[in-house]
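Below is target21.cif, holding mmCIF, C-alpha atoms and all ligand atoms.
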```
data_entry
loop_
_atom_site.label_atom_id
_atom_site.label_comp_id
_atom_site.auth_asym_id
_atom_site.auth_seq_id
_atom_site.Cartn_x
_atom_site.Cartn_y
_atom_site.Cartn_z
CA MET K 1117 94.39 -40.42 -10.29
CA LYS K 1118 91.37 -38.14 -10.66
CA ARG K 1119 88.01 -39.81 -10.85
CA THR K 1120 85.89 -39.15 -13.94
CA VAL K 1121 82.33 -37.88 -14.15
CA PHE K 1122 80.52 -38.02 -17.49
CA ILE K 1123 77.52 -35.74 -18.03
CA VAL K 1124 75.20 -36.21 -20.98
CA GLY K 1125 73.17 -33.07 -21.73
CA LEU K 1126 74.86 -29.81 -20.77
CA GLY K 1127 71.94 -27.50 -20.31
CA LEU K 1128 70.67 -25.70 -17.23
CA ILE K 1129 70.59 -28.80 -15.00
CA GLY K 1130 73.54 -30.77 -16.41
CA GLY K 1131 75.67 -27.61 -16.21
CA SER K 1132 74.53 -26.78 -12.68
CA ILE K 1133 75.24 -30.31 -11.46
CA ALA K 1134 78.71 -30.19 -13.06
CA LEU K 1135 79.48 -26.92 -11.26
CA ALA K 1136 78.18 -28.28 -7.95
CA ILE K 1137 80.32 -31.44 -8.28
CA LYS K 1138 83.40 -29.35 -9.13
CA LYS K 1139 82.95 -27.32 -5.97
CA GLU K 1140 83.37 -30.39 -3.76
CA HIS K 1141 85.50 -32.85 -5.72
CA ASN K 1142 88.78 -32.78 -7.55
CA VAL K 1143 87.49 -34.59 -10.62
CA HIS K 1144 87.73 -34.68 -14.36
CA ILE K 1145 84.37 -33.78 -15.89
CA ARG K 1146 83.62 -35.01 -19.35
CA GLY K 1147 80.59 -33.85 -21.26
CA PHE K 1148 78.53 -34.64 -24.31
CA ASP K 1149 75.68 -32.72 -25.84
CA ILE K 1150 73.88 -33.24 -29.10
CA SER K 1151 74.17 -29.49 -29.63
CA ASP K 1152 77.70 -28.56 -30.63
CA GLU K 1153 77.08 -25.01 -29.52
CA GLN K 1154 76.11 -26.06 -25.97
CA LEU K 1155 79.08 -28.42 -25.79
CA LYS K 1156 81.54 -25.71 -26.85
CA MET K 1157 79.94 -23.22 -24.50
CA ALA K 1158 80.20 -25.70 -21.58
CA LEU K 1159 83.90 -26.12 -22.32
CA SER K 1160 84.60 -22.42 -22.67
CA LEU K 1161 82.72 -21.64 -19.42
CA LYS K 1162 84.82 -24.37 -17.74
CA VAL K 1163 81.67 -26.23 -16.73
CA ILE K 1164 83.35 -29.33 -18.15
CA ASP K 1165 87.02 -30.21 -18.60
CA GLU K 1166 86.65 -32.28 -21.76
CA ALA K 1167 84.12 -32.51 -24.57
CA VAL K 1168 83.63 -35.91 -26.17
CA SER K 1169 82.02 -36.62 -29.52
CA SER K 1170 79.82 -39.55 -28.49
CA ILE K 1171 78.23 -41.19 -25.48
CA LYS K 1172 80.11 -44.39 -26.29
CA GLU K 1173 83.40 -42.52 -25.92
CA GLY K 1174 82.28 -40.62 -22.80
CA VAL K 1175 81.34 -43.65 -20.70
CA ILE K 1176 84.79 -45.23 -20.97
CA GLY K 1177 86.31 -45.37 -17.48
CA ALA K 1178 83.66 -43.04 -16.03
CA ASP K 1179 82.98 -43.49 -12.30
CA LEU K 1180 79.75 -41.51 -12.41
CA ILE K 1181 77.46 -41.06 -15.42
CA ILE K 1182 74.69 -38.45 -15.25
CA PHE K 1183 71.92 -38.03 -17.79
CA ALA K 1184 70.57 -34.48 -17.91
CA THR K 1185 68.61 -34.69 -21.14
CA PRO K 1186 64.84 -34.35 -21.73
CA VAL K 1187 63.11 -37.37 -20.18
CA LEU K 1188 62.09 -39.18 -23.39
CA LYS K 1189 65.73 -39.06 -24.52
CA THR K 1190 66.98 -40.19 -21.12
CA GLU K 1191 64.67 -43.19 -21.24
CA GLN K 1192 66.27 -44.23 -24.52
CA LEU K 1193 69.87 -43.36 -23.59
CA VAL K 1194 69.91 -45.40 -20.35
CA GLN K 1195 69.15 -48.41 -22.50
CA ASP K 1196 71.69 -47.49 -25.19
CA ILE K 1197 74.60 -47.38 -22.74
CA SER K 1198 74.00 -50.98 -21.69
CA GLN K 1199 75.66 -51.88 -25.05
CA PHE K 1200 78.79 -49.90 -24.21
CA ASP K 1201 81.90 -50.60 -22.22
CA LEU K 1202 81.04 -49.42 -18.69
CA LYS K 1203 83.46 -49.30 -15.77
CA ALA K 1204 82.66 -51.98 -13.18
CA GLY K 1205 81.08 -50.43 -10.09
CA ALA K 1206 80.17 -47.20 -11.86
CA ILE K 1207 77.10 -45.26 -10.70
CA VAL K 1208 74.59 -44.10 -13.29
CA THR K 1209 71.95 -41.50 -12.44
CA ASP K 1210 69.70 -38.94 -14.11
CA VAL K 1211 68.03 -35.66 -13.20
CA GLY K 1212 64.77 -36.10 -15.09
CA SER K 1213 61.50 -34.62 -13.85
CA THR K 1214 59.78 -38.01 -14.16
CA LYS K 1215 61.01 -41.26 -12.75
CA LYS K 1216 58.82 -44.29 -13.43
CA ARG K 1217 59.63 -44.93 -17.08
CA ILE K 1218 63.31 -44.03 -16.76
CA VAL K 1219 63.84 -46.32 -13.77
CA GLU K 1220 62.02 -49.15 -15.58
CA GLN K 1221 64.18 -48.80 -18.69
CA ALA K 1222 67.37 -48.55 -16.65
CA SER K 1223 66.81 -51.95 -15.05
CA CYS K 1224 68.89 -53.49 -17.87
CA LEU K 1225 71.99 -51.82 -16.41
CA ALA K 1226 72.10 -54.03 -13.31
CA GLU K 1227 73.49 -57.00 -15.24
CA LYS K 1228 76.30 -54.75 -16.55
CA GLY K 1229 77.82 -54.44 -13.07
CA VAL K 1230 76.77 -50.82 -12.59
CA THR K 1231 74.10 -49.28 -10.34
CA PHE K 1232 71.40 -47.00 -11.65
CA ILE K 1233 69.71 -44.68 -9.15
CA GLY K 1234 67.08 -42.28 -10.47
CA GLY K 1235 67.38 -38.69 -9.31
CA HIS K 1236 65.46 -35.44 -9.50
CA PRO K 1237 66.71 -32.17 -8.04
CA MET K 1238 63.54 -30.27 -7.18
CA ALA K 1239 64.68 -26.85 -8.23
CA GLY K 1240 65.24 -25.21 -11.54
CA SER K 1241 64.24 -22.31 -13.65
CA HIS K 1242 62.29 -21.36 -16.72
CA LYS K 1243 65.66 -20.72 -18.38
CA SER K 1244 67.46 -23.34 -20.46
CA GLY K 1245 71.01 -23.85 -21.61
CA VAL K 1246 74.41 -24.05 -19.98
CA GLU K 1247 74.78 -20.26 -19.83
CA ALA K 1248 72.01 -20.26 -17.20
CA ALA K 1249 73.74 -22.99 -15.10
CA ARG K 1250 74.56 -22.06 -11.51
CA SER K 1251 76.37 -24.07 -8.85
CA HIS K 1252 73.92 -22.85 -6.19
CA LEU K 1253 70.77 -23.72 -8.14
CA PHE K 1254 69.80 -26.60 -5.85
CA GLU K 1255 70.85 -25.09 -2.53
CA ASN K 1256 68.17 -25.77 0.14
CA ALA K 1257 66.03 -27.74 -2.33
CA PHE K 1258 64.96 -31.36 -2.04
CA TYR K 1259 66.89 -33.80 -4.21
CA ILE K 1260 64.74 -36.88 -4.74
CA LEU K 1261 66.42 -40.26 -5.26
CA THR K 1262 64.43 -43.29 -6.37
CA PRO K 1263 66.53 -46.38 -5.65
CA ILE K 1264 64.78 -49.66 -6.33
CA GLU K 1265 64.44 -52.51 -3.89
CA GLY K 1266 67.79 -54.16 -3.34
CA THR K 1267 69.91 -51.12 -4.25
CA ASP K 1268 73.03 -51.23 -2.09
CA VAL K 1269 72.69 -48.51 0.53
CA ARG K 1270 76.44 -47.83 0.31
CA VAL K 1271 76.02 -46.87 -3.33
CA ILE K 1272 73.18 -44.48 -2.43
CA ILE K 1273 75.51 -42.82 0.08
CA GLN K 1274 78.29 -42.66 -2.53
CA LEU K 1275 75.91 -40.90 -4.92
CA GLN K 1276 74.84 -38.44 -2.23
CA ASN K 1277 78.50 -37.78 -1.56
CA TRP K 1278 79.12 -37.06 -5.24
CA LEU K 1279 76.23 -34.59 -5.17
CA LYS K 1280 76.90 -32.93 -1.82
CA GLY K 1281 78.04 -29.70 -3.54
CA THR K 1282 74.40 -29.14 -4.53
CA LYS K 1283 73.71 -28.43 -0.82
CA ALA K 1284 70.34 -30.05 -1.39
CA THR K 1285 68.48 -32.31 1.03
CA PHE K 1286 68.21 -35.89 -0.18
CA ILE K 1287 64.95 -37.76 0.13
CA GLU K 1288 64.05 -41.23 -1.16
CA LEU K 1289 60.74 -41.99 -2.88
CA SER K 1290 59.47 -44.80 -5.04
CA PRO K 1291 59.30 -43.85 -8.74
CA SER K 1292 55.47 -43.95 -8.74
CA GLN K 1293 55.13 -41.86 -5.60
CA HIS K 1294 57.57 -39.41 -7.17
CA ASP K 1295 55.55 -39.12 -10.37
CA ARG K 1296 52.26 -38.71 -8.52
CA LEU K 1297 53.58 -35.94 -6.27
CA ALA K 1298 55.68 -34.19 -8.92
CA GLY K 1299 52.60 -34.32 -11.15
CA ALA K 1300 50.62 -32.36 -8.57
CA ILE K 1301 53.20 -29.79 -7.46
CA SER K 1302 55.16 -29.27 -10.66
CA HIS K 1303 53.81 -30.81 -13.87
CA PHE K 1304 50.16 -29.87 -13.54
CA PRO K 1305 50.86 -26.25 -12.47
CA HIS K 1306 52.91 -25.98 -15.63
CA VAL K 1307 49.91 -26.94 -17.75
CA ILE K 1308 47.82 -24.33 -15.93
CA ALA K 1309 50.45 -21.63 -16.48
CA ALA K 1310 50.59 -22.38 -20.21
CA SER K 1311 46.79 -22.44 -20.45
CA LEU K 1312 46.51 -19.01 -18.79
CA VAL K 1313 48.95 -17.62 -21.35
CA HIS K 1314 46.89 -19.16 -24.18
CA GLN K 1315 43.78 -17.56 -22.74
CA ILE K 1316 45.38 -14.11 -22.80
CA ALA K 1317 46.74 -14.72 -26.32
CA LYS K 1318 43.17 -15.38 -27.51
CA ILE K 1319 41.82 -12.25 -25.81
CA GLU K 1320 44.66 -10.28 -27.40
CA ASP K 1321 43.27 -11.10 -30.84
CA GLU K 1322 40.22 -9.02 -29.89
CA ASP K 1323 41.92 -6.43 -27.71
CA PRO K 1324 45.71 -6.01 -28.02
CA LEU K 1325 45.82 -3.88 -24.87
CA VAL K 1326 45.47 -6.99 -22.70
CA SER K 1327 49.10 -8.11 -22.91
CA ARG K 1328 50.39 -4.62 -22.20
CA LEU K 1329 48.28 -4.56 -19.05
CA ALA K 1330 49.35 -8.04 -17.95
CA ALA K 1331 51.48 -7.18 -14.92
CA GLY K 1332 52.47 -8.56 -11.47
CA GLY K 1333 50.01 -11.35 -10.74
CA PHE K 1334 49.78 -12.67 -14.28
CA ARG K 1335 53.55 -12.57 -14.71
CA ASP K 1336 54.11 -14.36 -11.38
CA ILE K 1337 51.70 -17.17 -12.07
CA THR K 1338 52.85 -17.68 -15.68
CA ARG K 1339 56.65 -17.34 -15.27
CA ILE K 1340 57.11 -21.07 -15.74
CA ALA K 1341 55.30 -20.96 -19.10
CA SER K 1342 58.57 -19.53 -20.49
CA ALA K 1343 60.37 -22.86 -19.90
CA SER K 1344 61.61 -25.28 -22.57
CA PRO K 1345 58.71 -26.75 -24.60
CA THR K 1346 60.78 -29.87 -25.37
CA MET K 1347 61.34 -30.58 -21.69
CA TRP K 1348 57.67 -30.10 -20.81
CA ARG K 1349 56.34 -32.04 -23.80
CA ASP K 1350 58.39 -35.01 -22.64
CA ILE K 1351 57.24 -34.66 -19.03
CA LEU K 1352 53.56 -34.66 -20.01
CA LEU K 1353 54.04 -37.72 -22.23
CA HIS K 1354 55.82 -39.55 -19.40
CA ASN K 1355 53.40 -38.69 -16.63
CA LYS K 1356 50.16 -39.17 -18.57
CA GLU K 1357 48.32 -41.12 -15.89
CA SER K 1358 48.86 -38.64 -13.03
CA LEU K 1359 48.13 -35.66 -15.26
CA LEU K 1360 44.85 -37.05 -16.55
CA GLN K 1361 43.69 -37.67 -12.98
CA LEU K 1362 44.74 -34.17 -11.92
CA LEU K 1363 42.95 -32.65 -14.92
CA ASP K 1364 39.74 -34.44 -13.96
CA SER K 1365 39.83 -33.19 -10.40
CA TRP K 1366 40.78 -29.67 -11.52
CA THR K 1367 37.83 -29.63 -13.93
CA MET K 1368 35.54 -30.52 -11.01
CA GLU K 1369 37.18 -27.84 -8.89
CA MET K 1370 36.57 -25.23 -11.60
CA ALA K 1371 32.96 -26.34 -11.92
CA SER K 1372 32.45 -25.71 -8.21
CA VAL K 1373 34.11 -22.27 -8.47
CA LYS K 1374 31.86 -21.51 -11.43
CA ALA K 1375 28.83 -22.39 -9.33
CA LEU K 1376 29.99 -20.14 -6.48
CA ILE K 1377 30.29 -17.21 -8.88
CA GLU K 1378 26.97 -17.94 -10.60
CA GLU K 1379 25.23 -18.12 -7.24
CA GLU K 1380 27.09 -15.03 -6.01
CA SER K 1381 27.87 -16.92 -2.79
CA ALA K 1382 29.95 -14.19 -1.17
CA GLU K 1383 30.69 -16.12 2.01
CA ALA K 1384 31.67 -19.30 0.19
CA ILE K 1385 33.92 -17.36 -2.19
CA TYR K 1386 35.60 -15.68 0.78
CA THR K 1387 36.13 -19.05 2.46
CA TYR K 1388 37.51 -20.49 -0.79
CA PHE K 1389 40.23 -17.83 -0.87
CA GLN K 1390 40.80 -17.85 2.91
CA ASP K 1391 41.33 -21.63 2.95
CA ALA K 1392 43.74 -21.41 0.04
CA LYS K 1393 45.65 -18.58 1.74
CA ASP K 1394 45.86 -20.50 5.03
CA PHE K 1395 47.18 -23.59 3.29
CA ARG K 1396 49.71 -21.69 1.20
CA ASP K 1397 50.90 -19.52 4.09
CA GLY K 1398 51.41 -22.68 6.12
CA LEU K 1399 53.58 -24.42 3.53
CA PRO K 1400 56.89 -25.50 5.08
CA VAL K 1401 59.78 -23.21 4.45
CA ARG K 1402 63.10 -24.67 3.34
CA LYS K 1403 65.65 -23.36 5.78
CA LYS K 1404 68.50 -25.84 5.56
CA GLY K 1405 71.99 -24.82 4.56
CA ALA K 1406 74.50 -22.24 5.67
CA ILE K 1407 72.58 -19.37 4.17
CA PRO K 1408 68.83 -19.62 4.72
CA SER K 1409 67.06 -19.19 1.42
CA PHE K 1410 63.85 -17.94 2.95
CA TYR K 1411 64.16 -14.20 2.41
CA ASP K 1412 66.74 -14.35 -0.33
CA LEU K 1413 66.13 -12.92 -3.75
CA PHE K 1414 68.42 -13.74 -6.66
CA VAL K 1415 68.86 -11.12 -9.35
CA ASP K 1416 70.51 -11.69 -12.70
CA VAL K 1417 72.65 -8.69 -13.49
CA PRO K 1418 74.72 -7.75 -16.50
CA ASP K 1419 78.40 -7.56 -15.66
CA HIS K 1420 79.00 -3.83 -15.93
CA PRO K 1421 80.06 -1.11 -13.50
CA GLY K 1422 77.28 0.64 -11.62
CA VAL K 1423 74.83 -2.24 -11.66
CA ILE K 1424 75.03 -2.88 -7.91
CA SER K 1425 74.41 0.76 -7.05
CA ASP K 1426 71.49 0.76 -9.48
CA VAL K 1427 69.92 -2.25 -7.69
CA THR K 1428 70.54 -0.89 -4.18
CA GLY K 1429 69.34 2.54 -5.35
CA ILE K 1430 66.00 1.08 -6.43
CA LEU K 1431 65.62 -0.58 -3.01
CA ALA K 1432 66.58 2.61 -1.17
CA GLN K 1433 64.11 4.62 -3.21
CA HIS K 1434 61.34 2.35 -1.87
CA GLN K 1435 62.81 2.18 1.64
CA ILE K 1436 63.46 -1.55 1.52
CA SER K 1437 66.31 -2.57 3.83
CA LEU K 1438 68.78 -5.25 2.92
CA THR K 1439 70.37 -7.50 5.52
CA ASN K 1440 72.99 -8.81 3.13
CA ILE K 1441 74.14 -8.53 -0.45
CA ARG K 1442 76.48 -10.91 -2.17
CA ILE K 1443 77.80 -11.24 -5.71
CA LEU K 1444 77.60 -14.94 -6.45
CA GLU K 1445 79.14 -14.98 -9.87
CA THR K 1446 80.48 -12.69 -12.50
CA ARG K 1447 82.05 -13.79 -15.69
CA GLU K 1448 83.03 -11.72 -18.65
CA ASP K 1449 80.09 -11.17 -21.01
CA ILE K 1450 77.88 -13.41 -18.90
CA MET K 1451 75.17 -12.41 -16.51
CA GLY K 1452 76.20 -12.45 -12.87
CA VAL K 1453 73.94 -13.12 -9.92
CA LEU K 1454 73.30 -10.97 -6.88
CA ARG K 1455 71.92 -12.61 -3.77
CA LEU K 1456 69.92 -10.05 -1.81
CA SER K 1457 68.78 -10.99 1.71
CA PHE K 1458 65.84 -9.35 3.44
CA ARG K 1459 64.38 -9.32 6.92
CA SER K 1460 60.89 -10.38 5.89
CA GLU K 1461 58.87 -11.98 3.14
CA GLU K 1462 57.10 -8.67 2.61
CA ASP K 1463 60.39 -6.83 2.00
CA ARG K 1464 61.46 -9.50 -0.44
CA GLU K 1465 58.16 -9.33 -2.32
CA ARG K 1466 58.35 -5.54 -2.60
CA ALA K 1467 61.96 -5.71 -3.73
CA GLN K 1468 61.09 -8.26 -6.38
CA LEU K 1469 58.23 -6.13 -7.66
CA HIS K 1470 60.30 -2.94 -7.94
CA LEU K 1471 63.28 -4.68 -9.50
CA GLN K 1472 61.02 -6.36 -12.04
CA ILE K 1473 59.50 -2.99 -12.91
CA HIS K 1474 63.08 -1.90 -13.69
CA LEU K 1475 63.35 -4.99 -15.94
CA TYR K 1476 65.66 -7.02 -13.69
CA ASP K 1477 65.22 -10.76 -13.93
CA THR K 1478 64.66 -12.00 -10.37
CA TYR K 1479 64.03 -15.39 -8.87
CA ILE K 1480 63.52 -17.12 -5.55
CA LEU K 1481 65.07 -20.52 -4.97
N1 LIG D 1 64.64 -26.92 -15.93
C1 LIG D 1 64.27 -27.28 -14.72
O1 LIG D 1 63.72 -26.49 -13.96
C2 LIG D 1 64.52 -28.71 -14.29
C3 LIG D 1 64.61 -28.99 -12.93
C4 LIG D 1 64.87 -30.31 -12.53
C5 LIG D 1 65.03 -31.30 -13.48
N2 LIG D 1 64.93 -30.99 -14.81
C6 LIG D 1 65.15 -32.07 -15.78
O2 LIG D 1 66.50 -31.94 -16.22
C7 LIG D 1 66.64 -32.40 -17.56
C8 LIG D 1 67.34 -31.32 -18.37
O3 LIG D 1 66.59 -30.14 -18.33
P1 LIG D 1 67.29 -28.70 -18.55
O4 LIG D 1 66.40 -27.72 -17.91
O5 LIG D 1 68.72 -28.76 -18.20
O6 LIG D 1 67.13 -28.55 -20.13
P2 LIG D 1 68.08 -27.79 -21.16
O7 LIG D 1 67.29 -27.62 -22.39
O8 LIG D 1 68.69 -26.59 -20.53
O9 LIG D 1 69.23 -28.87 -21.40
C9 LIG D 1 69.04 -30.10 -22.00
C10 LIG D 1 70.27 -30.42 -22.83
O10 LIG D 1 70.18 -31.75 -23.32
C11 LIG D 1 70.72 -31.77 -24.63
N3 LIG D 1 70.27 -32.95 -25.35
C12 LIG D 1 69.05 -33.21 -25.87
N4 LIG D 1 69.05 -34.44 -26.44
C13 LIG D 1 70.30 -34.95 -26.27
C14 LIG D 1 70.91 -36.17 -26.63
N5 LIG D 1 70.26 -37.12 -27.30
N6 LIG D 1 72.20 -36.36 -26.28
C15 LIG D 1 72.89 -35.39 -25.61
N7 LIG D 1 72.37 -34.21 -25.25
C16 LIG D 1 71.08 -34.01 -25.58
C17 LIG D 1 70.23 -30.46 -25.23
O11 LIG D 1 70.97 -30.09 -26.38
C18 LIG D 1 70.40 -29.51 -24.06
O12 LIG D 1 71.66 -28.87 -24.07
C19 LIG D 1 65.24 -32.75 -18.03
O13 LIG D 1 65.07 -34.13 -17.95
C20 LIG D 1 64.33 -32.04 -17.05
O14 LIG D 1 63.11 -32.73 -16.92
C21 LIG D 1 64.71 -29.73 -15.22
O1 LIG D 2 61.33 -22.79 -10.96
C1 LIG D 2 60.97 -23.21 -12.05
O2 LIG D 2 61.03 -22.53 -13.07
C2 LIG D 2 60.52 -24.61 -12.18
O3 LIG D 2 59.58 -24.84 -12.86
C3 LIG D 2 61.30 -25.64 -11.49
C4 LIG D 2 60.64 -27.01 -11.40
C5 LIG D 2 59.34 -26.91 -10.58
O4 LIG D 2 58.28 -27.25 -11.09
O5 LIG D 2 59.44 -26.49 -9.43
C6 LIG D 2 60.39 -27.54 -12.75
C7 LIG D 2 60.62 -28.80 -13.09
C8 LIG D 2 61.55 -29.60 -12.35
O6 LIG D 2 61.44 -30.93 -12.55
C9 LIG D 2 61.81 -29.15 -11.01
C10 LIG D 2 61.58 -27.88 -10.66
#
```
Let me see the structure of the file written as structure tokens.
Ligand SMILES: NC(=O)c1ccc[n+]([C@@H]2O[C@H](COP(=O)([O-])OP(=O)(O)OC[C@H]3O[C@@H](n4cnc5c(N)ncnc54)[C@H](O)[C@@H]3O)[C@@H](O)[C@H]2O)c1
Ligand SMILES: O=C(O)C(=O)C[C@]1(C(=O)O)C=C[C@@H](O)C=C1
Amino acid sequence: MKRTVFIVGLGLIGGSIALAIKKEHNVHIRGFDISDEQLKMALSLKVIDEAVSSIKEGVIGADLIIFATPVLKTEQLVQDISQFDLKAGAIVTDVGSTKKRIVEQASCLAEKGVTFIGGHPMAGSHKSGVEAARSHLFENAFYILTPIEGTDVRVIIQLQNWLKGTKATFIELSPSQHDRLAGAISHFPHVIAASLVHQIAKIEDEDPLVSRLAAGGFRDITRIASASPTMWRDILLHNKESLLQLLDSWTMEMASVKALIEEESAEAIYTYFQDAKDFRDGLPVRKKGAIPSFYDLFVDVPDHPGVISDVTGILAQHQISLTNIRILETREDIMGVLRLSFRSEEDRERAQLHLQIHLYDTYIL
């Protein structure tokens, strides 16, 4: 008999996890979403095999339960399911961007004969909804698991086996270490991106030309400001402590930059940028997996004839050589994805720039 996976929340991440699980396992995937539209869409895109009308119904007989809802909801739902009829030995996990509060609330599940292991795939997009879900979304990314002390190691391995279709690299952290680090590399940058957009919006009131001029750099650094406000509101509320500390140290950092500019300290300004460049250029590159992600560029393309020659034509026009091109997905009426591989970072950057100028939506995983 097929095993059953139940996914609550069928948006970008819930949908992508469902597709990744389907790639590796012959399972029955059940889904629930508070939005009827998302639920129907998930069914019609074959992301799930069955739509249920409540969480209570969905958990019945499920071997694996995955919460892929905004983190404040997940915190509440992991408690709610402790009242329901759960299959003995089932694994419960989540994909939330914060871990401390969810793991704390899920502790009530232990006495129900199931194991909760917090999870966070460290890849995503500014897009929401199941129509943006992709089975390859987490390829080469870290997938953080936050088992608590005493969690049976065999269950952790079982969970990793369930999720092996993500082609992610699993890493274990404590929930507080997770929240501290994710605060610094993901949550706080999101606040900065949104604040930069607000700054431009204010300037636009005085001079509307500003947003028309906002090009490459501004768009790159603010891409993530287009993400779901619900998801990010919840993350900030959950990770208050880390974010307040980061805001304090950022404010001090900005004060020192302000002083450098006021004093016109050319050498110190140069060093400030050089040090940042050295650190960023030295960041480790994720190379794991059959297809190295390093020089790959993903391009969302409408499913119509001629689109591939249009993309390759743009690259040829700017003398950018491809080492590989692959159509990852095409579905009727749905955007497909092209994976373009390049020989160098520079080629990839140039390709991204020119494709964006031609209004293609591109992303690097
Ligand atoms: N987007 C990313 O880049 C990213 C990456 C890693 C982890 N995450 C985490 O994944 C989770 C989901 O994010 P997403 O990007 O898929 O968001 P999304 O908006 O695409 O999907 C969330 C889905 O949850 C549904 N939902 C909300 N409340 C619900 C409820 N009470 N019951 C059932 N369904 C409910 C929504 O209708 C929506 O379809 C969040 O916890 C987020 O922090 C996001
Ligand atoms: O690529 C993006 O759009 C993201 O913001 C993805 C991102 C991140 O900060 O890296 C966002 C939140 C998640 O919890 C994990 C990944």
Taking all atoms listed in the file and a cut-off of 7 Å, can you tell me which residues surround ligand LIG 1 (chain D), written as a PyMOL selection string? chain K and resi 1124-1130+1148-1151+1154+1184-1187+1189+1211-1214+1236-1246+1344+1347+1351
For the residues in the current selection, export C-alpha atoms as a compact mmCIF listing (two decimals), in the frame of the given file.
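Writing done, so here's out-v3.txt:
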```txt
# COMPACT_ATOMS: atom_id res chain seq x y z
CA VAL K 1124 75.20 -36.21 -20.98
CA GLY K 1125 73.17 -33.07 -21.73
CA LEU K 1126 74.86 -29.81 -20.77
CA GLY K 1127 71.94 -27.50 -20.31
CA LEU K 1128 70.67 -25.70 -17.23
CA ILE K 1129 70.59 -28.80 -15.00
CA GLY K 1130 73.54 -30.77 -16.41
CA PHE K 1148 78.53 -34.64 -24.31
CA ASP K 1149 75.68 -32.72 -25.84
CA ILE K 1150 73.88 -33.24 -29.10
CA SER K 1151 74.17 -29.49 -29.63
CA GLN K 1154 76.11 -26.06 -25.97
CA ALA K 1184 70.57 -34.48 -17.91
CA THR K 1185 68.61 -34.69 -21.14
CA PRO K 1186 64.84 -34.35 -21.73
CA VAL K 1187 63.11 -37.37 -20.18
CA LYS K 1189 65.73 -39.06 -24.52
CA VAL K 1211 68.03 -35.66 -13.20
CA GLY K 1212 64.77 -36.10 -15.09
CA SER K 1213 61.50 -34.62 -13.85
CA THR K 1214 59.78 -38.01 -14.16
CA HIS K 1236 65.46 -35.44 -9.50
CA PRO K 1237 66.71 -32.17 -8.04
CA MET K 1238 63.54 -30.27 -7.18
CA ALA K 1239 64.68 -26.85 -8.23
CA GLY K 1240 65.24 -25.21 -11.54
CA SER K 1241 64.24 -22.31 -13.65
CA HIS K 1242 62.29 -21.36 -16.72
CA LYS K 1243 65.66 -20.72 -18.38
CA SER K 1244 67.46 -23.34 -20.46
CA GLY K 1245 71.01 -23.85 -21.61
CA VAL K 1246 74.41 -24.05 -19.98
CA SER K 1344 61.61 -25.28 -22.57
CA MET K 1347 61.34 -30.58 -21.69
CA ILE K 1351 57.24 -34.66 -19.03
```
Measure the distance from atom CA of Glu1166 of chain K to atom CA of Gln1274 of chain K in Å and round it to one decimal. 23.4 Å
Judged by all atoms listed in the file, the minimum distance to Ser1290 of chain K among K:Ile1218, K:Leu1161, K:His1434, K:Glu1265 is found for K:Glu1265
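Across K:Ala1300, K:Tyr1386, K:Ala1222, K:Lys1216, the tightest approach to Ser1365 of chain K is made by K:Ala1300 when counting all atoms listed in the file.
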Phe1232 of chain K environment, 7 Å, all atoms listed in the file, sequence neighbours closer than 2 positions dropped, as a list in words: Ile1207, Val1208, Thr1209, Ala1222, Leu1225, Val1230 and Gly1234 of chain K
Selection: 12 Å around Ser1170 of chain K, only C-alpha atoms, excl. self and same-chain fewer than 3 positions, as a ChimeraX atom specification: /K:1122-1125,1146-1152,1155,1167,1173-1176,1193,1196-1197,1200
How many Å lie between atom CA of Asp1394 of chain K and atom CA of Ala1371 of chain K, rounded to one decimal? 22.1 Å
Identify which of the residues K:Lys1393, K:His1306, K:His1354, K:Arg1335 lies closest to ligand LIG 2 (chain D), counting only C-alpha atoms and all ligand atoms when measuring atom-to-atom distances.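 Ranked by minimum distance to ligand LIG 2 (chain D), first place goes to K:His1306.
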Which one of K:Gln1195, K:Gln1435, K:Thr1282, K:Ser1358 sits closest to Ala1298 of chain K if you count all atoms listed in the file?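 So, comparing all the options, the nearest one is K:Ser1358.
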Any idea what's packed within 10 Å of segment 1437-1439 of chain K, counting only C-alpha atoms, ignoring anything in its chain fewer than 6 positions away? Could you give it as a PyMOL selection string? chain K and resi 1411-1412+1428+1431+1456-1460+1463-1464+1467
Dump C-alpha atoms for the selected residues as a compact mmCIF listing (two decimals), in the frame of the given file?
```
# COMPACT_ATOMS: atom_id res chain seq x y z
CA TYR K 1411 64.16 -14.20 2.41
CA ASP K 1412 66.74 -14.35 -0.33
CA THR K 1428 70.54 -0.89 -4.18
CA LEU K 1431 65.62 -0.58 -3.01
CA LEU K 1456 69.92 -10.05 -1.81
CA SER K 1457 68.78 -10.99 1.71
CA PHE K 1458 65.84 -9.35 3.44
CA ARG K 1459 64.38 -9.32 6.92
CA SER K 1460 60.89 -10.38 5.89
CA ASP K 1463 60.39 -6.83 2.00
CA ARG K 1464 61.46 -9.50 -0.44
CA ALA K 1467 61.96 -5.71 -3.73
```
Atom pair atom CA of Gly1281 of chain K / atom CA of Pro1263 of chain K: separation (Å): 20.4 Å
Among K:Glu1462, K:Asp1336, K:Asp1419, K:Glu1379, ligand LIG 2 (chain D) is approached most closely, using all atoms listed in the file, by K:Asp1336
Among K:Lys1139, K:Arg1217, K:Lys1318, K:Arg1455, Gln1192 of chain K is approached most closely, using all atoms listed in the file, by K:Arg1217
Do you know which residues are at most 10 Å from segment 1308-1317 of chain K counting only C-alpha atoms, after dropping those on the same chain fewer than 3 positions away, and could you put them as a ChimeraX atom specification? /K:1303-1305,1320-1324,1326-1327,1330,1334-1343,1363,1366
